[in-house]
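Undergrad: I have a structure here, written as structure tokens, and I will follow up with some questions on it.
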Amino acid sequence: MTKKIGFIGAGNMAEAMIRGVISTGLYSADEIVASEVHEPRRRHIAEHLGIDIHVDNAEVAKASKFVVLSVKPQQVKDVLASLKGHLTKDHLVMSILAGTTTATLESNEPACRFIRVMPNQPCMVLASASAFARGSKATDGDCELVDRVLKAVGISFEVSENLLDAVTGLSGSGPAYAYMMIEALSDGGVLMGLPRDVSMKLAAQTLLGAAKTILETGEQPGKMKDVVCSPGGTTIEGVKVLEEFGLRSALMNAVEAATMRSKELGRKE
């Protein structure tokens, strides 16, 4: 049976995308096919998502002309080898493999159209921040299709491929930085006497609310910070401490370090 979208690899990111496209009505479960080598994982996906799932990657390529490549980067050569003769000029392949360039993918499967995507972990709660770059043969229509899939699980931007390392350093790695901030704020609340469960939820909702404010108002973060900082008040006192300890420079340096590591990993592919 012909499917509208196929997933090669059904790990956590693929599962999140599948849940997203189903929940938003972009695709129904019977329009999706996937492959997965681990039997317990196949059983989990079949039971919880109700899609058609196989052990053989070639079954996905046979069933769908729009394929999401969602395996680990170190598996890509074996996976592409298993697809030899099954991927054609009619296939669009959306790759979420970190550090694997479209040039590398095209050198292995020259007939295909490739688009490289950097999603991030909050995809699992439909709050992903993704960016994508088109390969040499991808069309505007291909990009529109990928954009629709990514927007089913969050927000999406097209960028030049040379900027995907920066995207990796910012939004790809960024959730870890945010979790550390939530943890630290929560610990601060506990230090000041708040119960752990209350403190954690207050910290998480505070970051969520601040992010939602920026996204919905379009205001600059610095301006909104100034709104919260009353003259001689509590917040500006706290901001002074954060400046003394270099919070902003630490976060900027973290994005830079993660970006450079992404570039380094890309050179090793």
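Chain labels run A, B, ... following the order of the structure tokens; each chain numbers its residues from 1, and ligands are numbered from 1 in the order shown.
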Can you tell me, as an MDAnalysis selection string, which residues in range 82-254 of chain A count as alpha helix (DSSP H) by DSSP?
TA: chainID A and resid 82 102:108 140:151 164:167 174:191 196:217 221:228 234:244 247:254
Undergrad: Please produce, as a Markdown table, a per-residue contact table for range 104-123 of chain A versus range 2-21 of chain A (criterion: any atom at most 10 Å away, only C-alpha atoms considered), showing the nearest atom pair and its distance in Å to one decimal, sorted by chain then residue number.
TA:
| residue | atom | partner | partner_atom | distance |
| --- | --- | --- | --- | --- |
| A:Pro119 | CA | A:Met13 | CA | 8.5 |
| A:Asn120 | CA | A:Met13 | CA | 8.3 |
| A:Gln121 | CA | A:Met13 | CA | 7.2 |
| A:Pro122 | CA | A:Ala16 | CA | 8.8 |
| A:Cys123 | CA | A:Ala16 | CA | 5.8 |
Undergrad: For Asp187 in chain A, which residue among A:Val60, A:Asp140, A:Thr217, A:Leu202 is the nearest when counting only C-alpha atoms?
TA: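 Residue with the minimum atom-to-atom distance to Asp187 in chain A: A:Leu202.
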Undergrad: Tell me, as a list in words, which residues lie within 8 Å of range 174-182 of chain A, counting only C-alpha atoms; anything in the same chain fewer than 3 positions away does not count.
TA: Asn120, Gln121, Pro122, Gly169, Leu170, Ser171, Leu185, Ser186, Met200, Ala203, Ala204, Leu207, Leu251 and Val255 of chain A
Undergrad: Could you write out that same residue set with all heavy atoms as a compact mmCIF listing (two decimals), in the first residue's frame?
TA:
# COMPACT_ATOMS: atom_id res chain seq x y z
N ASN A 120 14.97 19.66 17.50
CA ASN A 120 15.49 19.52 18.86
C ASN A 120 14.54 18.73 19.74
O ASN A 120 13.41 18.41 19.36
CB ASN A 120 15.88 20.88 19.48
CG ASN A 120 14.70 21.76 19.83
OD1 ASN A 120 13.55 21.45 19.53
ND2 ASN A 120 14.98 22.88 20.46
N GLN A 121 15.03 18.38 20.92
CA GLN A 121 14.36 17.40 21.78
C GLN A 121 12.94 17.76 22.19
O GLN A 121 12.10 16.87 22.31
CB GLN A 121 15.25 17.14 23.01
CG GLN A 121 14.78 16.05 23.94
CD GLN A 121 14.16 16.63 25.19
OE1 GLN A 121 14.22 17.83 25.42
NE2 GLN A 121 13.55 15.77 25.99
N PRO A 122 12.58 19.05 22.40
CA PRO A 122 11.19 19.34 22.74
C PRO A 122 10.18 19.01 21.64
O PRO A 122 8.97 19.23 21.82
CB PRO A 122 11.22 20.86 23.03
CG PRO A 122 12.60 21.09 23.52
CD PRO A 122 13.45 20.21 22.64
N GLY A 169 24.34 24.32 17.84
CA GLY A 169 24.86 24.89 19.08
C GLY A 169 23.82 25.66 19.87
O GLY A 169 23.89 25.71 21.11
N LEU A 170 22.84 26.25 19.17
CA LEU A 170 21.81 27.04 19.84
C LEU A 170 20.59 26.20 20.22
O LEU A 170 20.41 25.84 21.37
CB LEU A 170 21.40 28.22 18.95
CG LEU A 170 20.24 29.09 19.45
CD1 LEU A 170 20.52 29.64 20.84
CD2 LEU A 170 19.96 30.22 18.47
N SER A 171 19.77 25.86 19.23
CA SER A 171 18.52 25.17 19.56
C SER A 171 18.69 23.66 19.71
O SER A 171 17.93 23.02 20.44
CB SER A 171 17.45 25.47 18.51
OG SER A 171 17.88 25.12 17.22
N LEU A 185 17.33 27.34 39.20
CA LEU A 185 16.29 28.18 39.79
C LEU A 185 15.49 27.40 40.84
O LEU A 185 15.16 27.93 41.91
CB LEU A 185 15.35 28.71 38.71
CG LEU A 185 15.93 29.79 37.79
CD1 LEU A 185 14.98 30.04 36.62
CD2 LEU A 185 16.17 31.09 38.56
N SER A 186 15.19 26.15 40.52
CA SER A 186 14.46 25.30 41.46
C SER A 186 15.26 25.09 42.74
O SER A 186 14.71 25.18 43.85
CB SER A 186 14.14 23.96 40.80
OG SER A 186 13.48 23.09 41.70
N MET A 200 10.16 23.48 41.54
CA MET A 200 10.46 23.03 40.18
C MET A 200 9.41 23.52 39.18
O MET A 200 9.73 24.00 38.09
CB MET A 200 10.57 21.50 40.12
CG MET A 200 10.95 20.97 38.74
SD MET A 200 10.88 19.18 38.65
CE MET A 200 9.11 18.90 38.71
N ALA A 203 9.72 27.25 38.59
CA ALA A 203 10.88 27.55 37.75
C ALA A 203 10.60 27.22 36.29
O ALA A 203 10.88 28.02 35.39
CB ALA A 203 12.10 26.77 38.24
N ALA A 204 10.03 26.04 36.04
CA ALA A 204 9.75 25.62 34.67
C ALA A 204 8.72 26.54 34.02
O ALA A 204 8.87 26.96 32.87
CB ALA A 204 9.27 24.17 34.65
N LEU A 207 10.26 29.96 32.96
CA LEU A 207 10.97 29.95 31.67
C LEU A 207 9.99 29.82 30.52
O LEU A 207 10.15 30.47 29.48
CB LEU A 207 12.01 28.83 31.64
CG LEU A 207 13.43 29.29 31.98
CD1 LEU A 207 13.55 29.62 33.46
CD2 LEU A 207 14.46 28.25 31.59
N LEU A 251 26.51 31.58 28.57
CA LEU A 251 25.59 31.01 27.59
C LEU A 251 26.08 31.24 26.17
O LEU A 251 26.00 30.34 25.31
CB LEU A 251 24.19 31.59 27.78
CG LEU A 251 23.45 31.13 29.04
CD1 LEU A 251 22.18 31.94 29.23
CD2 LEU A 251 23.13 29.64 28.98
N VAL A 255 27.05 28.21 23.42
CA VAL A 255 26.58 28.09 22.03
C VAL A 255 27.77 28.01 21.08
O VAL A 255 27.79 27.18 20.15
CB VAL A 255 25.67 29.29 21.66
CG1 VAL A 255 25.33 29.26 20.17
CG2 VAL A 255 24.39 29.26 22.49
Undergrad: Calculate how many Å separate CA of Asp142 in chain A from CA of Val55 in chain A, rounding to one decimal.
TA: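 Result for CA of Asp142 in chain A versus CA of Val55 in chain A: 26.9 Å, one decimal.
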Undergrad: What is the distance between CA of Asp165 in chain A and CA of Ser262 in chain A, in Å to one decimal?
TA: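 Interatomic distance here is 5.5 Å.
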Undergrad: Can you measure CA of Leu242 in chain A to CA of Ala166 in chain A for me? One decimal in Å is fine.
TA: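 Those two atoms sit 24.8 Å apart.
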Undergrad: Leaving out range 160-162 of chain A and any residue of its chain fewer than 4 positions from it, which residues lie within 12 Å of it when counting only C-alpha atoms, given as a list in words?
TA: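 The residues satisfying every condition are Gly99, Thr100, Thr101, Thr102, Ala103, Phe114, Ile115, Arg116, Val117, Met118, Ala131, Phe132, Ala133, Arg134, Gly135, Ser136, Ala166, Val167, Thr168, Thr259, Ser262, Lys263 and Gly266 of chain A.
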Undergrad: Store the residues picked out above in a file with N, CA and C atoms, as a PDB file, in the first residue's frame.
TA:
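For reference, again_14.pdb as written:
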ATOM      1  N   GLY A  99      25.431  16.280  11.816  1.00  0.00           N
ATOM      2  CA  GLY A  99      26.771  16.288  11.250  1.00  0.00           C
ATOM      3  C   GLY A  99      26.930  15.639   9.889  1.00  0.00           C
ATOM      4  N   THR A 100      25.857  15.127   9.310  1.00  0.00           N
ATOM      5  CA  THR A 100      25.944  14.473   8.002  1.00  0.00           C
ATOM      6  C   THR A 100      25.417  15.437   6.941  1.00  0.00           C
ATOM      7  N   THR A 101      26.307  15.909   6.071  1.00  0.00           N
ATOM      8  CA  THR A 101      25.953  16.937   5.101  1.00  0.00           C
ATOM      9  C   THR A 101      25.116  16.373   3.959  1.00  0.00           C
ATOM     10  N   THR A 102      24.424  17.276   3.270  1.00  0.00           N
ATOM     11  CA  THR A 102      23.671  16.841   2.094  1.00  0.00           C
ATOM     12  C   THR A 102      24.628  16.341   1.008  1.00  0.00           C
ATOM     13  N   ALA A 103      25.847  16.912   0.938  1.00  0.00           N
ATOM     14  CA  ALA A 103      26.824  16.452  -0.060  1.00  0.00           C
ATOM     15  C   ALA A 103      27.198  14.994   0.186  1.00  0.00           C
ATOM     16  N   PHE A 114      17.604  15.601  -1.280  1.00  0.00           N
ATOM     17  CA  PHE A 114      17.820  15.567   0.162  1.00  0.00           C
ATOM     18  C   PHE A 114      17.570  16.932   0.789  1.00  0.00           C
ATOM     19  N   ILE A 115      16.998  16.909   1.978  1.00  0.00           N
ATOM     20  CA  ILE A 115      16.905  18.098   2.825  1.00  0.00           C
ATOM     21  C   ILE A 115      17.399  17.690   4.213  1.00  0.00           C
ATOM     22  N   ARG A 116      18.321  18.475   4.733  1.00  0.00           N
ATOM     23  CA  ARG A 116      18.914  18.186   6.041  1.00  0.00           C
ATOM     24  C   ARG A 116      18.235  19.031   7.110  1.00  0.00           C
ATOM     25  N   VAL A 117      17.868  18.394   8.210  1.00  0.00           N
ATOM     26  CA  VAL A 117      17.096  19.058   9.259  1.00  0.00           C
ATOM     27  C   VAL A 117      17.813  18.947  10.599  1.00  0.00           C
ATOM     28  N   MET A 118      17.784  20.017  11.374  1.00  0.00           N
ATOM     29  CA  MET A 118      18.214  19.972  12.765  1.00  0.00           C
ATOM     30  C   MET A 118      17.003  20.287  13.636  1.00  0.00           C
ATOM     31  N   ALA A 131      15.471  23.864  12.155  1.00  0.00           N
ATOM     32  CA  ALA A 131      15.928  24.558  10.949  1.00  0.00           C
ATOM     33  C   ALA A 131      16.284  23.494   9.922  1.00  0.00           C
ATOM     34  N   PHE A 132      16.201  23.869   8.638  1.00  0.00           N
ATOM     35  CA  PHE A 132      16.515  22.910   7.588  1.00  0.00           C
ATOM     36  C   PHE A 132      17.256  23.591   6.457  1.00  0.00           C
ATOM     37  N   ALA A 133      18.020  22.763   5.722  1.00  0.00           N
ATOM     38  CA  ALA A 133      18.776  23.260   4.563  1.00  0.00           C
ATOM     39  C   ALA A 133      18.553  22.308   3.402  1.00  0.00           C
ATOM     40  N   ARG A 134      18.357  22.857   2.233  1.00  0.00           N
ATOM     41  CA  ARG A 134      18.075  22.029   1.062  1.00  0.00           C
ATOM     42  C   ARG A 134      19.357  21.541   0.410  1.00  0.00           C
ATOM     43  N   GLY A 135      19.304  20.317  -0.137  1.00  0.00           N
ATOM     44  CA  GLY A 135      20.389  19.801  -0.946  1.00  0.00           C
ATOM     45  C   GLY A 135      20.327  20.379  -2.348  1.00  0.00           C
ATOM     46  N   SER A 136      21.256  19.970  -3.188  1.00  0.00           N
ATOM     47  CA  SER A 136      21.388  20.583  -4.514  1.00  0.00           C
ATOM     48  C   SER A 136      20.195  20.315  -5.428  1.00  0.00           C
ATOM     49  N   ALA A 166      25.568  26.218  13.722  1.00  0.00           N
ATOM     50  CA  ALA A 166      25.138  27.225  14.703  1.00  0.00           C
ATOM     51  C   ALA A 166      23.761  26.885  15.262  1.00  0.00           C
ATOM     52  N   VAL A 167      22.883  26.378  14.411  1.00  0.00           N
ATOM     53  CA  VAL A 167      21.573  25.927  14.885  1.00  0.00           C
ATOM     54  C   VAL A 167      21.748  24.791  15.895  1.00  0.00           C
ATOM     55  N   THR A 168      22.678  23.881  15.602  1.00  0.00           N
ATOM     56  CA  THR A 168      22.960  22.791  16.533  1.00  0.00           C
ATOM     57  C   THR A 168      23.425  23.336  17.879  1.00  0.00           C
ATOM     58  N   THR A 259      28.701  24.754  18.794  1.00  0.00           N
ATOM     59  CA  THR A 259      28.787  24.967  17.344  1.00  0.00           C
ATOM     60  C   THR A 259      30.109  24.443  16.803  1.00  0.00           C
ATOM     61  N   SER A 262      30.134  20.739  16.706  1.00  0.00           N
ATOM     62  CA  SER A 262      29.346  20.243  15.581  1.00  0.00           C
ATOM     63  C   SER A 262      30.149  20.302  14.291  1.00  0.00           C
ATOM     64  N   LYS A 263      30.882  21.398  14.072  1.00  0.00           N
ATOM     65  CA  LYS A 263      31.735  21.518  12.893  1.00  0.00           C
ATOM     66  C   LYS A 263      32.807  20.426  12.884  1.00  0.00           C
ATOM     67  N   GLY A 266      31.339  17.134  11.982  1.00  0.00           N
ATOM     68  CA  GLY A 266      31.030  17.113  10.561  1.00  0.00           C
ATOM     69  C   GLY A 266      32.241  16.822   9.707  1.00  0.00           C
TER      70      GLY A 266
END
Undergrad: May I ask which of the residues A:Arg261, A:Arg43, A:Leu97, A:Leu92 is the closest one to Val146 in chain A, counting only C-alpha atoms?
TA: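 The shortest atom-to-atom distance to Val146 in chain A comes from A:Leu92.
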Undergrad: Tell me which of A:Glu109, A:Cys143, A:Glu256, A:Ile32 sits closest to Ile45 in chain A, counting only C-alpha atoms.
TA: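 Of A:Glu109, A:Cys143, A:Glu256, A:Ile32, the one nearest Ile45 in chain A is A:Ile32, counting only C-alpha atoms.
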Undergrad: Determine which residues of range 5-197 of chain A receive a DSSP assignment of strand (DSSP E), computed from the backbone, and state them as JSON, numbers by chain.
TA: {"A": [5, 6, 7, 8, 32, 33, 34, 35, 52, 53, 54, 66, 67, 68, 69, 92, 93, 94, 95, 113, 114, 115, 116, 117, 118, 128, 129, 130, 131, 132, 133, 134, 154, 155, 156, 157, 158]}
